[in-house]
Amino acid sequence: MKRGTIIKQETEDTLILERKLMTQHYLLSLIRKYCTGCGICVDACPKEAINLTKAVLKDGKLSQKPTVDLNADKCNLCGICAVICPTNAFQMTINKEPKIPVVETQSFPNLIKKIQVTIEKCTPTCKLACQEACPCDALEVIVQKNETKKITKILEVKINLEKCIYCKRCEPACPEAAITVTKPYFGAIWLNTALCPKECQACVDICPSQALKIENGKITAYDKFCIYCGACQKVCPKEAIMIQRSGILHTEVKSGAWITALEKLTSPETMVKEIEAKSRHKLRKIVKEIS
């Protein structure tokens, strides 16, 4: 096989695209258990190398998640999917180091997403609330106990960034306000329960942040916990849910590729607003330099 050809390997849990060159080894992995089939990667891929099958529902419940497939003949391993995936399902390495080509060449931004813990605020009476609230098992509270196994001190809160989806569930759960979370995506979620089929809960089953729940026999949406991935919208059989992303927090970048992706992931209006904001910033900088 010709050197540099992208090789596709697939197991039940992982899909891998690999390219070996003389001095560089590229590896793009899709971890299926993290993937919700939200389709953000499909929208953002500049090569249309990502396909998505429909979810399978049975008696109103999710029987099979939407499935992502990668076309090795179209993919150029740019890594855009690894940048924008809201659930960290895509992972990219170069020579076994976490690196994303489009970010390395500054043709695409990194998303700004943060989770910070002020350990000094943590108290042993919190009942490990942040850990209990996390829907992704991304938080682990390390504690000190006495001889009766009672928690006497919170030593550390470990955060697994490969699992964290920045849903903010841990933030209000903490009784001491010791955690702050910055979401990369922001927007709105609309739910019309009048359209919901009887006993259907596919959206609840697929939601990675548990922003959708069944309460008193009806589905309720909690916007503050939504990560705006759109997975619920994809699996809804009656178009009862609509997700609108109105912005994305990201590092600075001067790239047409990003503007194109931004329009697809949000709206033309959001794209125009960002271009206008950049133009104003550039103008202020020029005026400042002149004066």
# chains A, B, ... in the order shown; residues from 1 in each chain; ligands from 1
$ residues_around --residues "Ile179 of chain A" --least-positions-apart "2" --cutoff "7 Å" --atoms "only C-alpha atoms" --output "list of chain:residue names"
A:Gln116, A:Val117, A:Thr118, A:Glu171, A:Cys174, A:Ala177, A:Val181
$ select_by_dssp --residues "segment 96-197 of chain A" --states "strand (DSSP E)" --output "PyMOL selection string"
chain A and resi 97-98+114-117+139-145+151-159+179-182+185-191
$ write_last_selection --atoms "N, CA, C and O atoms" --output "short mmCIF file (atom, residue, chain, number, x, y, z; two decimals), in the first residue's frame"
data_model
loop_
_atom_site.label_atom_id
_atom_site.label_comp_id
_atom_site.auth_asym_id
_atom_site.auth_seq_id
_atom_site.Cartn_x
_atom_site.Cartn_y
_atom_site.Cartn_z
N GLU A 97 1.05 12.52 20.16
CA GLU A 97 0.81 13.70 21.00
C GLU A 97 -0.51 14.34 20.57
O GLU A 97 -0.79 14.43 19.37
N PRO A 98 -1.33 14.79 21.54
CA PRO A 98 -2.60 15.44 21.18
C PRO A 98 -2.36 16.73 20.40
O PRO A 98 -1.93 17.73 20.96
N LYS A 114 -14.03 25.93 29.88
CA LYS A 114 -13.27 25.89 31.12
C LYS A 114 -14.10 25.30 32.26
O LYS A 114 -15.31 25.48 32.32
N ILE A 115 -13.41 24.64 33.16
CA ILE A 115 -14.00 24.23 34.43
C ILE A 115 -12.93 24.46 35.49
O ILE A 115 -11.81 23.98 35.36
N GLN A 116 -13.28 25.24 36.49
CA GLN A 116 -12.33 25.61 37.53
C GLN A 116 -12.91 25.29 38.90
O GLN A 116 -14.08 25.56 39.17
N VAL A 117 -12.06 24.74 39.75
CA VAL A 117 -12.46 24.40 41.11
C VAL A 117 -11.59 25.17 42.10
O VAL A 117 -10.36 25.09 42.03
N LEU A 139 -15.84 13.90 37.13
CA LEU A 139 -15.31 14.47 38.37
C LEU A 139 -15.05 13.37 39.40
O LEU A 139 -15.87 12.49 39.60
N GLU A 140 -13.90 13.47 40.04
CA GLU A 140 -13.57 12.54 41.13
C GLU A 140 -13.06 13.36 42.31
O GLU A 140 -12.05 14.06 42.20
N VAL A 141 -13.76 13.28 43.43
CA VAL A 141 -13.38 14.04 44.62
C VAL A 141 -12.49 13.16 45.50
O VAL A 141 -12.89 12.08 45.92
N ILE A 142 -11.28 13.64 45.73
CA ILE A 142 -10.33 12.93 46.59
C ILE A 142 -10.47 13.49 48.02
O ILE A 142 -10.36 14.70 48.22
N VAL A 143 -10.73 12.59 48.96
CA VAL A 143 -11.02 13.04 50.33
C VAL A 143 -10.08 12.43 51.36
O VAL A 143 -9.40 11.44 51.09
N GLN A 144 -10.09 13.05 52.51
CA GLN A 144 -9.38 12.52 53.68
C GLN A 144 -10.43 12.07 54.69
O GLN A 144 -11.40 12.78 54.95
N LYS A 145 -10.24 10.87 55.26
CA LYS A 145 -11.22 10.33 56.21
C LYS A 145 -10.54 10.03 57.55
O LYS A 145 -9.33 9.76 57.60
N ILE A 151 -15.67 11.73 56.31
CA ILE A 151 -14.86 12.67 55.51
C ILE A 151 -14.51 13.89 56.36
O ILE A 151 -15.40 14.55 56.91
N THR A 152 -13.23 14.16 56.46
CA THR A 152 -12.78 15.31 57.27
C THR A 152 -12.22 16.44 56.42
O THR A 152 -12.13 17.58 56.88
N LYS A 153 -11.86 16.13 55.16
CA LYS A 153 -11.28 17.18 54.32
C LYS A 153 -11.36 16.78 52.84
O LYS A 153 -11.21 15.62 52.50
N ILE A 154 -11.62 17.78 52.01
CA ILE A 154 -11.57 17.58 50.56
C ILE A 154 -10.15 17.92 50.11
O ILE A 154 -9.71 19.06 50.23
N LEU A 155 -9.44 16.94 49.62
CA LEU A 155 -8.05 17.15 49.22
C LEU A 155 -7.91 17.66 47.79
O LEU A 155 -7.08 18.51 47.49
N GLU A 156 -8.75 17.15 46.91
CA GLU A 156 -8.61 17.49 45.49
C GLU A 156 -9.88 17.12 44.73
O GLU A 156 -10.59 16.18 45.11
N VAL A 157 -10.16 17.87 43.68
CA VAL A 157 -11.23 17.50 42.76
C VAL A 157 -10.58 17.28 41.39
O VAL A 157 -10.14 18.23 40.74
N LYS A 158 -10.49 16.02 41.00
CA LYS A 158 -9.87 15.69 39.72
C LYS A 158 -10.90 15.79 38.60
O LYS A 158 -12.03 15.31 38.75
N ILE A 159 -10.50 16.40 37.51
CA ILE A 159 -11.39 16.57 36.36
C ILE A 159 -10.81 15.86 35.15
O ILE A 159 -9.69 16.15 34.73
N ILE A 179 -17.19 25.83 42.14
CA ILE A 179 -16.95 25.43 40.75
C ILE A 179 -17.55 26.44 39.79
O ILE A 179 -18.68 26.90 39.97
N THR A 180 -16.77 26.81 38.79
CA THR A 180 -17.28 27.65 37.70
C THR A 180 -17.00 26.96 36.37
O THR A 180 -15.93 26.40 36.17
N VAL A 181 -17.98 27.01 35.50
CA VAL A 181 -17.88 26.32 34.21
C VAL A 181 -18.21 27.30 33.08
O VAL A 181 -19.17 28.07 33.17
N THR A 182 -17.40 27.28 32.04
CA THR A 182 -17.64 28.09 30.84
C THR A 182 -17.98 27.16 29.68
O THR A 182 -17.17 26.31 29.30
N TYR A 185 -20.42 26.43 23.65
CA TYR A 185 -21.58 26.74 22.82
C TYR A 185 -22.65 27.42 23.67
O TYR A 185 -22.85 27.06 24.83
N PHE A 186 -23.34 28.38 23.10
CA PHE A 186 -24.51 28.93 23.79
C PHE A 186 -25.63 29.15 22.79
O PHE A 186 -25.40 29.27 21.58
N GLY A 187 -26.85 29.15 23.30
CA GLY A 187 -27.99 29.24 22.41
C GLY A 187 -29.28 29.07 23.16
O GLY A 187 -29.43 29.56 24.29
N ALA A 188 -30.23 28.35 22.57
CA ALA A 188 -31.55 28.16 23.18
C ALA A 188 -32.12 26.81 22.75
O ALA A 188 -31.76 26.27 21.70
N ILE A 189 -33.01 26.29 23.58
CA ILE A 189 -33.71 25.05 23.27
C ILE A 189 -35.20 25.29 23.40
O ILE A 189 -35.66 25.90 24.37
N TRP A 190 -35.96 24.87 22.39
CA TRP A 190 -37.41 25.00 22.41
C TRP A 190 -38.03 23.61 22.38
O TRP A 190 -37.62 22.75 21.60
N LEU A 191 -39.03 23.40 23.22
CA LEU A 191 -39.69 22.11 23.32
C LEU A 191 -41.20 22.29 23.25
O LEU A 191 -41.78 23.02 24.06
#
$ closest_residue --among "A:Val42, A:Leu77, A:Cys130, A:Leu52" --to "Gly4 of chain A" --atoms "only C-alpha atoms"
A:Leu77
$ closest_atom_pairs --of "segment 218-249 of chain A" --to "segment 78-96 of chain A" --cutoff "9 Å" --atoms "only C-alpha atoms" --output "tab-separated table"
residue	atom	partner	partner_atom	distance
A:Ile227	CA	A:Pro86	CA	7.3
A:Tyr228	CA	A:Pro86	CA	8.4
A:Cys229	CA	A:Pro86	CA	6.4
$ residues_around --residues "Cys203 of chain A" --least-positions-apart "3" --cutoff "7 Å" --atoms "only C-alpha atoms" --output "PyMOL selection string"
chain A and resi 206-207+232+235-236
$ residues_around --residues "Ile248 of chain A" --least-positions-apart "2" --cutoff "8 Å" --atoms "only C-alpha atoms" --output "PyMOL selection string"
chain A and resi 111+184-186+245-246+250+262
$ residues_around --residues "Ala173 of chain A" --least-positions-apart "2" --cutoff "8 Å" --atoms "only C-alpha atoms" --output "PyMOL selection string"
chain A and resi 129-130+133+169-171+175
$ residues_around --residues "Ala72 of chain A" --least-positions-apart "5" --cutoff "12 Å" --atoms "only C-alpha atoms" --output "list of chain:residue names"
A:Gly4, A:Thr5, A:Ile6, A:Ile7, A:Lys8, A:Gln9, A:Glu10, A:Leu15, A:Ile16, A:Leu17, A:Glu18, A:Arg19, A:Leu28, A:Lys47, A:Glu48, A:Ala49, A:Ile50, A:Asn51, A:Leu77
$ select_by_dssp --residues "segment 19-83 of chain A" --states "alpha helix (DSSP H)" --output "PyMOL selection string"
chain A and resi 40-44+80-83
$ closest_residue --among "A:Asp223, A:Gly247, A:Ser29, A:Met242" --to "Pro268 of chain A" --atoms "only C-alpha atoms"
A:Gly247
$ atom_distance --atom1 "atom CA of Lys74 of chain A" --atom2 "atom CA of Glu162 of chain A"
26.6 Å
$ atom_distance --atom1 "atom CA of Asn76 of chain A" --atom2 "atom CA of Ser255 of chain A"
17.8 Å
$ closest_residue --among "A:Ile165, A:Ala261, A:Cys126, A:Ala194" --to "Cys226 of chain A" --atoms "only C-alpha atoms"
A:Ile165
$ decode --residues "segment 140-152 of chain A" --atoms "all heavy atoms" --output "compact mmCIF listing (two decimals), in the first residue's frame"
# COMPACT_ATOMS: atom_id res chain seq x y z
N GLU A 140 -13.90 13.47 40.04
CA GLU A 140 -13.57 12.54 41.13
C GLU A 140 -13.06 13.36 42.31
O GLU A 140 -12.05 14.06 42.20
CB GLU A 140 -12.52 11.53 40.71
CG GLU A 140 -12.16 10.55 41.82
CD GLU A 140 -11.02 9.62 41.44
OE1 GLU A 140 -10.44 9.79 40.35
OE2 GLU A 140 -10.70 8.74 42.27
N VAL A 141 -13.76 13.28 43.43
CA VAL A 141 -13.38 14.04 44.62
C VAL A 141 -12.49 13.16 45.50
O VAL A 141 -12.89 12.08 45.92
CB VAL A 141 -14.61 14.50 45.41
CG1 VAL A 141 -14.19 15.33 46.62
CG2 VAL A 141 -15.55 15.32 44.52
N ILE A 142 -11.28 13.64 45.73
CA ILE A 142 -10.33 12.93 46.59
C ILE A 142 -10.47 13.49 48.02
O ILE A 142 -10.36 14.70 48.22
CB ILE A 142 -8.88 13.11 46.11
CG1 ILE A 142 -8.77 12.78 44.61
CG2 ILE A 142 -7.93 12.25 46.93
CD1 ILE A 142 -9.18 11.38 44.25
N VAL A 143 -10.73 12.59 48.96
CA VAL A 143 -11.02 13.04 50.33
C VAL A 143 -10.08 12.43 51.36
O VAL A 143 -9.40 11.44 51.09
CB VAL A 143 -12.48 12.70 50.72
CG1 VAL A 143 -13.46 13.32 49.77
CG2 VAL A 143 -12.68 11.17 50.77
N GLN A 144 -10.09 13.05 52.51
CA GLN A 144 -9.38 12.52 53.68
C GLN A 144 -10.43 12.07 54.69
O GLN A 144 -11.40 12.78 54.95
CB GLN A 144 -8.50 13.61 54.29
CG GLN A 144 -7.77 13.20 55.57
CD GLN A 144 -6.91 14.33 56.10
OE1 GLN A 144 -5.88 14.67 55.52
NE2 GLN A 144 -7.34 14.95 57.20
N LYS A 145 -10.24 10.87 55.26
CA LYS A 145 -11.22 10.33 56.21
C LYS A 145 -10.54 10.03 57.55
O LYS A 145 -9.33 9.76 57.60
CB LYS A 145 -11.86 9.06 55.67
CG LYS A 145 -12.70 9.27 54.42
CD LYS A 145 -13.34 7.97 53.95
CE LYS A 145 -14.19 8.18 52.72
NZ LYS A 145 -14.83 6.93 52.25
N ASN A 146 -11.33 10.05 58.60
CA ASN A 146 -10.81 9.68 59.92
C ASN A 146 -10.99 8.18 60.16
O ASN A 146 -11.43 7.45 59.26
CB ASN A 146 -11.44 10.51 61.04
CG ASN A 146 -12.96 10.32 61.11
OD1 ASN A 146 -13.50 9.34 60.57
ND2 ASN A 146 -13.64 11.24 61.78
N GLU A 147 -10.70 7.75 61.38
CA GLU A 147 -10.76 6.31 61.68
C GLU A 147 -12.18 5.75 61.57
O GLU A 147 -12.36 4.54 61.41
CB GLU A 147 -10.18 6.04 63.08
CG GLU A 147 -10.91 6.73 64.23
CD GLU A 147 -10.44 8.16 64.43
OE1 GLU A 147 -9.58 8.63 63.65
OE2 GLU A 147 -10.93 8.81 65.36
N THR A 148 -13.19 6.59 61.67
CA THR A 148 -14.58 6.12 61.53
C THR A 148 -15.08 6.24 60.09
O THR A 148 -16.26 6.09 59.82
CB THR A 148 -15.51 6.92 62.46
OG1 THR A 148 -15.49 8.30 62.06
CG2 THR A 148 -15.07 6.81 63.91
N LYS A 149 -14.15 6.59 59.19
CA LYS A 149 -14.43 6.73 57.75
C LYS A 149 -15.33 7.92 57.44
O LYS A 149 -15.98 7.97 56.39
CB LYS A 149 -15.02 5.44 57.18
CG LYS A 149 -14.05 4.26 57.30
CD LYS A 149 -14.44 3.13 56.41
CE LYS A 149 -13.37 2.04 56.46
NZ LYS A 149 -13.69 0.89 55.61
N LYS A 150 -15.34 8.87 58.33
CA LYS A 150 -16.06 10.12 58.06
C LYS A 150 -15.13 11.06 57.31
O LYS A 150 -13.95 11.19 57.63
CB LYS A 150 -16.49 10.77 59.39
CG LYS A 150 -17.28 12.05 59.21
CD LYS A 150 -17.68 12.64 60.55
CE LYS A 150 -18.45 13.94 60.36
NZ LYS A 150 -18.85 14.55 61.65
N ILE A 151 -15.67 11.73 56.31
CA ILE A 151 -14.86 12.67 55.51
C ILE A 151 -14.51 13.89 56.36
O ILE A 151 -15.40 14.55 56.91
CB ILE A 151 -15.62 13.11 54.25
CG1 ILE A 151 -15.87 11.90 53.34
CG2 ILE A 151 -14.82 14.17 53.48
CD1 ILE A 151 -16.74 12.19 52.13
N THR A 152 -13.23 14.16 56.46
CA THR A 152 -12.78 15.31 57.27
C THR A 152 -12.22 16.44 56.42
O THR A 152 -12.13 17.58 56.88
CB THR A 152 -11.69 14.86 58.26
OG1 THR A 152 -10.60 14.27 57.53
CG2 THR A 152 -12.25 13.85 59.26
